[in-house]
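Asker: Quick one: structure below, then a few questions.
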Amino acid sequence: MATSEVDAFANEEKRTLELGGHVGFDSLPDQLVSKASAQGFCFNILCVGETGIGKSTLMNTLFNTTFENEEASHYGQMVELRPHTYELRESNVNLKLTVVHTVGFGDQINKEQSYKPILEYIDAQFAKFLEEELKIKRSLFNYHDTRIHICLYFIAPNGHSLKSLDLVTMKKLDSKVNIIPVIAKADTVSRNELEKLKIKVMSELVSNGVQIYQFPTEDEAVAEINSSMNTLLPFAVVGSVDDVKVGNKMVKGRLYPWGSVEVENEKHCDFVKLREMVLRVNMEDLREQTHARHYELYRRCKLEEMGFKDTGTDSQSFSLQQTYEAKRKEFLVELQRKEEEMRQMFVNKVKETEAELKEKEKELHERFEQLKRMHQEEKKNLEEKRRELEEEMNAFNRRKVAAETLMGQALQGCSQQPFKKDKDKKNFFSLPSACSLTSGRNLN
Amino acid sequence: MEKQYVGFATLPNQVHRKSVKKGFDFTLMVAGESGMGKSTLVNSLFLTDLYKDRKLLNAEERINQTVEIIKHTVDIEEKGVKLKLTIVDTPGFGDAVNNNECWKPITDYIDQQFEQYFRDESGLNRKNIQDNRVHCCLYFIPPFGHGLRPVDVEFMKALHEKVNIIPLIAKADCLTPNEIKKLKDRIREEIDKFGIKVYQFPECDSDEDEEFKQLDKELKECTPFAVIGSNTVVEARGQRVRGRLYPWGIVEVENQSHCDFVKLRNMLIRSHMHDLKDVTCDVHYENYRAQCIQEMTSKLAQDNRMESPIPILPLSTPDVDTEKLIKMKDEELKRMQEMLNKMQQQMHDKEQ
């Protein structure tokens, strides 16, 4: 019974009904708007261009304020990205604006790697968002979205066409972000040169397959203006925060000896069109495109990389959960294997060190034995020498005694012959002295 | 006593006459990224159109482009004075994505011209030597940055001892007068900092009049010149002049308050063209020649069997051994001199 009911529901077609009176759900958009306004909006701009091309000045002009920015040097080794976040407020609408500048772009002699930091930055913002999305406990409504919604690419007005670096960079970025190319410092390009330059730039972009952002033409309210603006790309802009006097008004512009360029004069440059299109008409569409197109593309690529698939080898859809489980198991197995490896290595190392230590010990023993033996030998030698010395001493003592007894006998012989006075006296007296001398000498 | 008129005061006139008959030649090189207005400037300087039917490459084609050297030679005449002008173009410089050593073809070209002249000069028949040496190199600095970029510094350092470099700020109509001044100061500072030797104007003779000296001083303080060029003639203030037409005004190339084009033209063509040639001959070429000869003789000393491609007079080229001897003798002399000095000093002290 229950199943048939469900089936009946599934098969029923949608019908449009007429309303008998005013219900009131036409206020839904307003509710949405008031909720969004209360939350505040988020917009992130990336400015890519050579050092000194006017990125900061244009931002200041666009938002009618002064964002702090130090002048960049030309001598950086690599391209750096510097994001700054500001809170702006206009008629009860809060905007959290992040402006990211590329510092040092185009300054290096070898620019082959110049696009990489930019690409990495954009991907990093996507990765952060993806991480938040995949969290178990997530707070997406509170999340500060730092994904880049628009990339303003500043083309230097060199009169002929795009630079090779511009082409290469835009090609790398077109699938990651909405690119709007602008011709910077457009007050150096005269009118007919500008026409030619715009046509040349667009044709080069098209012939190389670069996909720049097209203003949407599905919504009838803005279709007409958007489609006409699409033909005017790239916008030729001039930025200035200084005022010049034109007539009796002070307007934003640049004062030259030959005249004044007014930033907001549509005959002078396309600044007004840029502001109109980016801020006043299509800001929300830019955010949507970033989320629905660029971010989704990134997410799909990333997840596929990680091994997730929507349909498996036998065309059965995998659920995220199953893939998760499989991946987790794989990971754990891998982890175990690594642990084993490390343990083995550790054990091996220990064995090695043990063996080494043992050898050292043996060596030390041997040396000890050797030393001991040497010591013994030395001792023996010393003993022998000592004995020899003692013998010598004894021998000497015996000789001494012998000499003394000889002397004593000689003396006795002298005293038994008294009448040989003088001679003997002499001899007697001289003998002991001679004896004593000699004995003294002997003793000595 | 009244000095009798000898007549050699007419020498300048004689020189003038002969030179007019002989004609002049000048080789000018232009270097800088593509789109800086080099060709437009050359056309504006010489009031002619040298670059008919030029093919410009696309961005795609320029990704891996190498630098080429292209010569255009024209004969122009003005009031009976003939000038054979050669413009050496360097398309592709700084245009590729990887510009490592992109100045090498240019330095090689300059060296080749020196070598050619060296051979001709040392040859047996020197009647019709063609002087293809580069007398001046105009380097175009983009006005979009904050000063010199690494590629500018490297280029100028590679060339400053081979050719007279005159740096220019290109497309100066994108800078207000204040910005121009700031940029000029910055560039001058960086040129000093990196030790780049750009072409220096010769000092004025002290007997020139004040006006000339003032002009000369202004000229020197104005470098690097901020220039604008134009191939089109527009109507401004009732006259037809070379200029650029904007919705907010007309830039006149020859208006001194708009840019330094007139100063550049005066300096390059009207007053210092010959000095540029002289410096090239007397300084850059002589440096090259001395270096070349030294290299050759050191090689000869090592390898006696090598035949020298040019005849070297034995007197003027000392070989390595004699040089050493000379050095030794020099040092001995110095020592003796010092000793003498010391002795003298001692004597002097004793006297006191």
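Note on naming: chains are A, B, ... as they come in the structure tokens, residues start from 1 per chain, ligands start from 1 in the order shown.
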May I have the residues within 8 Å of stretch 60-71 of chain A as a list of chain:residue names, using only C-alpha atoms and disregarding those fewer than 5 positions away in the same chain?
Answerer: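 Skipping anything fewer than 5 positions along the chain leaves A:Gly239, A:Ser240, A:Val241, A:Arg275.
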Asker: Restrict the distance test to only C-alpha atoms, flag each residue of chain A within 6 Å of chain B, and return the flagged residues as number ranges by chain.
Answerer: A: 51-53, 74, 109-112, 158-160, 162-165, 187-188, 190, 256, 258-261
Asker: From stretch 145-345 of chain B, collect each residue whose DSSP state is strand (DSSP E or B) and return the set as a list of chain:residue names.
Answerer: B:Ile165, B:Ile166, B:Pro167, B:Leu168, B:Ile169, B:Phe225, B:Ala226, B:Val233, B:Val234, B:Glu235, B:Ala236, B:Gln239, B:Arg240, B:Val241, B:Arg242, B:Gly243, B:Arg244, B:Leu245, B:Tyr246, B:Gly249, B:Ile250, B:Val251, B:Glu252
Asker: Hey, which of B:Leu83, B:Val153, B:Ile166, B:Ala236 ends up closest to B:Glu190? Count only C-alpha atoms.
Answerer: B:Val153
Asker: Let's see if you can do this: from backbone DSSP, list all helix (DSSP H, G or I) residues in stretch 169-319 of chain B, as a CSV table (one decimal) with N, CA, C and O atoms, in the first residue's frame.
Answerer:
```
chain,number,residue,atom,x,y,z
B,172,ALA,N,55.8,60.3,-23.9
B,172,ALA,CA,55.7,61.1,-22.8
B,172,ALA,C,54.3,61.8,-22.6
B,172,ALA,O,54.1,62.5,-21.7
B,173,ASP,N,53.4,61.6,-23.6
B,173,ASP,CA,52.1,62.2,-23.4
B,173,ASP,C,51.2,61.5,-22.5
B,173,ASP,O,50.0,61.8,-22.3
B,174,CYS,N,51.7,60.5,-21.7
B,174,CYS,CA,50.9,59.9,-20.7
B,174,CYS,C,51.3,60.4,-19.3
B,174,CYS,O,50.8,59.9,-18.3
B,177,PRO,N,53.3,67.1,-16.3
B,177,PRO,CA,54.6,67.7,-16.1
B,177,PRO,C,55.3,67.3,-14.7
B,177,PRO,O,56.4,67.0,-14.7
B,178,ASN,N,54.5,67.2,-13.7
B,178,ASN,CA,55.0,66.8,-12.4
B,178,ASN,C,55.6,65.4,-12.5
B,178,ASN,O,56.7,65.1,-12.0
B,179,GLU,N,54.8,64.5,-13.1
B,179,GLU,CA,55.2,63.1,-13.2
B,179,GLU,C,56.4,63.0,-14.0
B,179,GLU,O,57.3,62.2,-13.7
B,180,ILE,N,56.5,63.8,-15.1
B,180,ILE,CA,57.7,63.8,-15.9
B,180,ILE,C,59.0,64.1,-15.1
B,180,ILE,O,60.0,63.5,-15.1
B,181,LYS,N,58.8,65.2,-14.3
B,181,LYS,CA,60.0,65.6,-13.5
B,181,LYS,C,60.4,64.5,-12.5
B,181,LYS,O,61.6,64.2,-12.4
B,182,LYS,N,59.4,64.0,-11.9
B,182,LYS,CA,59.7,62.9,-10.9
B,182,LYS,C,60.4,61.7,-11.6
B,182,LYS,O,61.4,61.2,-11.1
B,183,LEU,N,59.9,61.4,-12.7
B,183,LEU,CA,60.5,60.2,-13.4
B,183,LEU,C,61.9,60.5,-13.9
B,183,LEU,O,62.8,59.7,-13.7
B,184,LYS,N,62.1,61.7,-14.4
B,184,LYS,CA,63.5,62.1,-14.8
B,184,LYS,C,64.4,62.0,-13.7
B,184,LYS,O,65.5,61.5,-13.8
B,185,ASP,N,64.0,62.6,-12.5
B,185,ASP,CA,64.9,62.6,-11.4
B,185,ASP,C,65.2,61.2,-11.0
B,185,ASP,O,66.4,60.8,-10.7
B,186,ARG,N,64.2,60.3,-10.9
B,186,ARG,CA,64.4,58.9,-10.6
B,186,ARG,C,65.3,58.2,-11.5
B,186,ARG,O,66.2,57.5,-11.0
B,187,ILE,N,65.1,58.4,-12.8
B,187,ILE,CA,66.0,57.7,-13.7
B,187,ILE,C,67.4,58.2,-13.6
B,187,ILE,O,68.4,57.4,-13.6
B,188,ARG,N,67.6,59.5,-13.4
B,188,ARG,CA,69.0,60.0,-13.3
B,188,ARG,C,69.7,59.4,-12.1
B,188,ARG,O,70.8,59.0,-12.1
B,189,GLU,N,68.9,59.4,-11.0
B,189,GLU,CA,69.4,58.8,-9.8
B,189,GLU,C,69.8,57.3,-10.0
B,189,GLU,O,70.9,56.9,-9.6
B,190,GLU,N,68.9,56.6,-10.7
B,190,GLU,CA,69.2,55.1,-10.9
B,190,GLU,C,70.4,55.0,-11.8
B,190,GLU,O,71.2,54.0,-11.7
B,191,ILE,N,70.5,55.8,-12.8
B,191,ILE,CA,71.7,55.7,-13.7
B,191,ILE,C,73.0,55.9,-12.9
B,191,ILE,O,73.9,55.2,-13.1
B,192,ASP,N,73.0,56.9,-12.0
B,192,ASP,CA,74.1,57.1,-11.2
B,192,ASP,C,74.4,55.8,-10.3
B,192,ASP,O,75.5,55.3,-10.2
B,193,LYS,N,73.3,55.4,-9.7
B,193,LYS,CA,73.4,54.3,-8.7
B,193,LYS,C,74.0,53.0,-9.4
B,193,LYS,O,74.8,52.4,-8.8
B,210,GLU,N,76.6,84.0,-23.1
B,210,GLU,CA,75.8,83.6,-21.9
B,210,GLU,C,74.6,82.8,-22.4
B,210,GLU,O,74.2,81.8,-21.8
B,211,GLU,N,74.0,83.2,-23.5
B,211,GLU,CA,72.8,82.6,-23.9
B,211,GLU,C,73.0,81.1,-24.3
B,211,GLU,O,72.3,80.2,-23.9
B,212,PHE,N,74.1,80.9,-25.0
B,212,PHE,CA,74.5,79.6,-25.4
B,212,PHE,C,74.7,78.7,-24.1
B,212,PHE,O,74.3,77.5,-24.0
B,213,LYS,N,75.4,79.3,-23.2
B,213,LYS,CA,75.7,78.5,-21.9
B,213,LYS,C,74.4,78.2,-21.2
B,213,LYS,O,74.3,77.1,-20.7
B,214,GLN,N,73.5,79.2,-21.2
B,214,GLN,CA,72.3,78.9,-20.5
B,214,GLN,C,71.5,77.8,-21.2
B,214,GLN,O,71.0,76.9,-20.5
B,215,LEU,N,71.5,77.8,-22.5
B,215,LEU,CA,70.8,76.8,-23.3
B,215,LEU,C,71.4,75.4,-23.0
B,215,LEU,O,70.7,74.4,-22.8
B,216,ASP,N,72.8,75.5,-23.0
B,216,ASP,CA,73.5,74.2,-22.7
B,216,ASP,C,73.1,73.6,-21.4
B,216,ASP,O,72.9,72.4,-21.2
B,217,LYS,N,73.1,74.6,-20.4
B,217,LYS,CA,72.8,74.1,-19.0
B,217,LYS,C,71.4,73.5,-19.0
B,217,LYS,O,71.1,72.4,-18.4
B,218,GLU,N,70.4,74.2,-19.6
B,218,GLU,CA,69.0,73.7,-19.6
B,218,GLU,C,69.0,72.3,-20.2
B,218,GLU,O,68.3,71.4,-19.8
B,219,LEU,N,69.7,72.2,-21.3
B,219,LEU,CA,69.7,70.9,-22.1
B,219,LEU,C,70.2,69.8,-21.1
B,219,LEU,O,69.6,68.7,-21.1
B,220,LYS,N,71.3,70.1,-20.4
B,220,LYS,CA,71.8,69.0,-19.6
B,220,LYS,C,70.9,68.6,-18.4
B,220,LYS,O,70.8,67.5,-18.0
B,221,GLU,N,70.1,69.6,-17.9
B,221,GLU,CA,69.3,69.3,-16.8
B,221,GLU,C,68.0,68.6,-17.2
B,221,GLU,O,67.2,68.2,-16.4
B,261,PHE,N,61.0,67.0,-27.6
B,261,PHE,CA,61.4,66.5,-28.9
B,261,PHE,C,62.3,67.5,-29.5
B,261,PHE,O,63.3,67.1,-30.1
B,262,VAL,N,62.0,68.8,-29.4
B,262,VAL,CA,62.8,69.8,-30.1
B,262,VAL,C,64.2,69.8,-29.5
B,262,VAL,O,65.2,69.9,-30.3
B,263,LYS,N,64.3,69.7,-28.2
B,263,LYS,CA,65.7,69.6,-27.6
B,263,LYS,C,66.4,68.4,-28.1
B,263,LYS,O,67.6,68.5,-28.4
B,264,LEU,N,65.7,67.3,-28.2
B,264,LEU,CA,66.4,66.1,-28.7
B,264,LEU,C,66.9,66.3,-30.1
B,264,LEU,O,68.1,66.0,-30.5
B,265,ARG,N,66.0,66.9,-31.0
B,265,ARG,CA,66.4,67.1,-32.4
B,265,ARG,C,67.6,68.0,-32.5
B,265,ARG,O,68.6,67.8,-33.2
B,266,ASN,N,67.5,69.1,-31.7
B,266,ASN,CA,68.6,70.1,-31.8
B,266,ASN,C,69.9,69.4,-31.4
B,266,ASN,O,71.0,69.6,-32.0
B,267,MET,N,69.8,68.7,-30.3
B,267,MET,CA,71.0,68.1,-29.7
B,267,MET,C,71.6,67.1,-30.7
B,267,MET,O,72.8,67.0,-31.0
B,268,LEU,N,70.7,66.2,-31.1
B,268,LEU,CA,71.2,65.1,-31.9
B,268,LEU,C,71.6,65.5,-33.3
B,268,LEU,O,72.7,65.0,-33.8
B,269,ILE,N,70.9,66.4,-33.9
B,269,ILE,CA,71.2,66.7,-35.3
B,269,ILE,C,71.9,68.0,-35.5
B,269,ILE,O,72.9,68.1,-36.2
B,270,ARG,N,71.4,69.0,-34.8
B,270,ARG,CA,71.9,70.4,-35.1
B,270,ARG,C,73.1,70.7,-34.4
B,270,ARG,O,73.9,71.5,-34.9
B,271,SER,N,73.4,70.2,-33.2
B,271,SER,CA,74.7,70.6,-32.6
B,271,SER,C,75.6,69.5,-32.2
B,271,SER,O,76.8,69.7,-32.3
B,273,MET,N,75.8,66.2,-33.5
B,273,MET,CA,76.0,65.0,-34.3
B,273,MET,C,77.4,64.7,-34.5
B,273,MET,O,77.8,63.5,-34.4
B,274,HIS,N,78.2,65.7,-34.8
B,274,HIS,CA,79.6,65.4,-35.0
B,274,HIS,C,80.3,65.0,-33.8
B,274,HIS,O,81.2,64.1,-33.8
B,275,ASP,N,79.9,65.6,-32.6
B,275,ASP,CA,80.6,65.2,-31.4
B,275,ASP,C,80.3,63.7,-31.1
B,275,ASP,O,81.1,63.0,-30.6
B,276,LEU,N,79.1,63.3,-31.4
B,276,LEU,CA,78.8,61.8,-31.2
B,276,LEU,C,79.7,61.0,-32.0
B,276,LEU,O,80.2,60.0,-31.6
B,277,LYS,N,79.9,61.4,-33.3
B,277,LYS,CA,80.8,60.6,-34.1
B,277,LYS,C,82.2,60.6,-33.5
B,277,LYS,O,82.9,59.6,-33.4
B,278,ASP,N,82.7,61.8,-33.0
B,278,ASP,CA,84.0,61.9,-32.5
B,278,ASP,C,84.2,61.0,-31.3
B,278,ASP,O,85.2,60.3,-31.1
B,279,VAL,N,83.2,61.0,-30.4
B,279,VAL,CA,83.3,60.2,-29.2
B,279,VAL,C,83.4,58.7,-29.6
B,279,VAL,O,84.1,57.9,-29.0
B,280,THR,N,82.6,58.4,-30.6
B,280,THR,CA,82.6,57.0,-31.0
B,280,THR,C,84.0,56.6,-31.5
B,280,THR,O,84.5,55.6,-31.1
B,281,CYS,N,84.6,57.5,-32.3
B,281,CYS,CA,85.9,57.2,-32.9
B,281,CYS,C,86.9,57.2,-31.8
B,281,CYS,O,87.8,56.3,-31.7
B,282,ASP,N,86.9,58.3,-31.0
B,282,ASP,CA,88.0,58.5,-30.1
B,282,ASP,C,87.9,57.7,-28.8
B,282,ASP,O,89.0,57.4,-28.2
B,283,VAL,N,86.8,57.3,-28.4
B,283,VAL,CA,86.7,56.6,-27.1
B,283,VAL,C,86.3,55.2,-27.3
B,283,VAL,O,87.0,54.3,-27.0
B,284,HIS,N,85.1,55.0,-27.8
B,284,HIS,CA,84.6,53.6,-27.9
B,284,HIS,C,85.4,52.7,-28.8
B,284,HIS,O,85.8,51.6,-28.5
B,285,TYR,N,85.7,53.3,-30.0
B,285,TYR,CA,86.4,52.5,-30.9
B,285,TYR,C,87.9,52.2,-30.4
B,285,TYR,O,88.4,51.1,-30.6
B,286,GLU,N,88.5,53.3,-29.8
B,286,GLU,CA,89.8,53.1,-29.3
B,286,GLU,C,89.9,52.1,-28.2
B,286,GLU,O,90.8,51.2,-28.1
B,287,ASN,N,88.9,52.1,-27.4
B,287,ASN,CA,88.8,51.1,-26.3
B,287,ASN,C,88.8,49.7,-26.9
B,287,ASN,O,89.5,48.8,-26.5
B,288,TYR,N,87.9,49.5,-27.9
B,288,TYR,CA,87.7,48.2,-28.6
B,288,TYR,C,89.1,47.8,-29.2
B,288,TYR,O,89.5,46.7,-29.0
B,289,ARG,N,89.7,48.8,-29.9
B,289,ARG,CA,90.9,48.4,-30.6
B,289,ARG,C,92.0,48.0,-29.6
B,289,ARG,O,92.7,47.0,-29.8
B,290,ALA,N,92.2,48.8,-28.5
B,290,ALA,CA,93.2,48.5,-27.5
B,290,ALA,C,92.9,47.1,-26.9
B,290,ALA,O,93.8,46.3,-26.8
B,291,GLN,N,91.7,46.8,-26.6
B,291,GLN,CA,91.4,45.5,-26.0
B,291,GLN,C,91.7,44.4,-27.0
B,291,GLN,O,92.2,43.4,-26.6
B,292,CYS,N,91.3,44.6,-28.2
B,292,CYS,CA,91.5,43.6,-29.3
B,292,CYS,C,93.0,43.3,-29.4
B,292,CYS,O,93.4,42.1,-29.5
B,293,ILE,N,93.8,44.4,-29.5
B,293,ILE,CA,95.2,44.1,-29.7
B,293,ILE,C,95.8,43.4,-28.5
B,293,ILE,O,96.6,42.5,-28.6
B,294,GLN,N,95.4,43.8,-27.3
B,294,GLN,CA,95.9,43.1,-26.1
B,294,GLN,C,95.6,41.7,-26.1
B,294,GLN,O,96.4,40.8,-25.8
B,295,GLU,N,94.4,41.4,-26.5
B,295,GLU,CA,94.0,40.0,-26.5
B,295,GLU,C,94.8,39.2,-27.5
B,295,GLU,O,95.3,38.1,-27.3
B,296,MET,N,95.0,39.8,-28.7
B,296,MET,CA,95.7,39.2,-29.7
B,296,MET,C,97.2,38.9,-29.3
B,296,MET,O,97.7,37.8,-29.5
B,297,THR,N,97.8,39.9,-28.7
B,297,THR,CA,99.2,39.7,-28.3
B,297,THR,C,99.4,38.7,-27.2
B,297,THR,O,100.3,38.0,-27.2
B,298,SER,N,98.4,38.7,-26.3
B,298,SER,CA,98.6,37.7,-25.2
B,298,SER,C,98.4,36.3,-25.8
B,298,SER,O,99.0,35.3,-25.4
B,299,LYS,N,97.6,36.2,-26.8
B,299,LYS,CA,97.4,34.9,-27.5
B,299,LYS,C,98.6,34.5,-28.2
B,299,LYS,O,99.1,33.4,-28.2
B,300,LEU,N,99.2,35.5,-28.9
B,300,LEU,CA,100.5,35.3,-29.7
B,300,LEU,C,101.6,34.8,-28.7
B,300,LEU,O,102.3,33.9,-29.1
B,301,ALA,N,101.7,35.5,-27.6
B,301,ALA,CA,102.8,35.1,-26.7
B,301,ALA,C,102.6,33.6,-26.3
B,301,ALA,O,103.6,32.9,-26.1
B,302,GLN,N,101.4,33.2,-26.1
B,302,GLN,CA,101.2,31.8,-25.7
B,302,GLN,C,101.5,30.8,-26.9
B,302,GLN,O,102.0,29.8,-26.7
```
Asker: Which neighbours of stretch 86-90 of chain A fall inside 10 Å, counting only C-alpha atoms, when residues of the same chain fewer than 5 positions from it are skipped, and could you give them as a ChimeraX atom specification?
Answerer: /A:40-42,63,65,67,95-99
Asker: May I have the residues within 12 Å of stretch 4-21 of chain B as an MDAnalysis selection string, using only C-alpha atoms and disregarding those fewer than 6 positions away in the same chain?
Answerer: chainID B and resid 77:83
Asker: Between atom CA of B:Ala158 and atom CA of B:Gly32, what distance in Å does the model show, to one decimal?
Answerer: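 Separation between atom CA of B:Ala158 and atom CA of B:Gly32: 14.1 Å.
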Asker: Can you list, as JSON, numbers by chain, every protein, DNA or RNA residue that comes within 7 Å of stretch 86-93 of chain B when you count only C-alpha atoms, leaving out same-chain residues fewer than 4 positions away?
Answerer: {"B": [26, 27, 28, 29, 30, 31, 32, 33, 34, 65, 66, 67, 68, 69, 70, 71, 72, 73, 74, 102]}
Asker: Keeping only C-alpha atoms, write the selected residues as a PDB file, in the first residue's frame.
Answerer:
```pdb
ATOM      1  CA  PHE B  26      75.701  58.897 -39.487  1.00  0.00           C
ATOM      2  CA  THR B  27      74.549  55.620 -37.993  1.00  0.00           C
ATOM      3  CA  LEU B  28      71.806  55.762 -35.428  1.00  0.00           C
ATOM      4  CA  MET B  29      70.564  52.758 -33.489  1.00  0.00           C
ATOM      5  CA  VAL B  30      67.146  52.647 -31.840  1.00  0.00           C
ATOM      6  CA  ALA B  31      66.400  50.139 -29.126  1.00  0.00           C
ATOM      7  CA  GLY B  32      63.470  49.463 -26.859  1.00  0.00           C
ATOM      8  CA  GLU B  33      60.421  47.282 -26.513  1.00  0.00           C
ATOM      9  CA  SER B  34      58.002  47.039 -29.355  1.00  0.00           C
ATOM     10  CA  GLN B  65      61.134  35.885 -30.445  1.00  0.00           C
ATOM     11  CA  THR B  66      64.821  36.556 -30.881  1.00  0.00           C
ATOM     12  CA  VAL B  67      66.260  39.960 -31.506  1.00  0.00           C
ATOM     13  CA  GLU B  68      66.986  40.869 -35.114  1.00  0.00           C
ATOM     14  CA  ILE B  69      69.118  43.650 -36.478  1.00  0.00           C
ATOM     15  CA  ILE B  70      67.651  45.505 -39.436  1.00  0.00           C
ATOM     16  CA  LYS B  71      69.388  48.368 -41.206  1.00  0.00           C
ATOM     17  CA  HIS B  72      67.686  51.072 -43.217  1.00  0.00           C
ATOM     18  CA  THR B  73      69.933  53.396 -45.187  1.00  0.00           C
ATOM     19  CA  VAL B  74      68.710  56.590 -46.798  1.00  0.00           C
ATOM     20  CA  CYS B 102      68.385  39.655 -25.340  1.00  0.00           C
TER      21      CYS B 102
END
```
Asker: Write out as a VMD selection string which residues come within 12 Å of A:Ile212 when counting only C-alpha atoms, dropping same-chain ones fewer than 2 positions away.
Answerer: chain A and resid 150 to 153 167 170 to 182 201 to 202 204 to 206 208 to 210 214 to 215 230 233 to 234
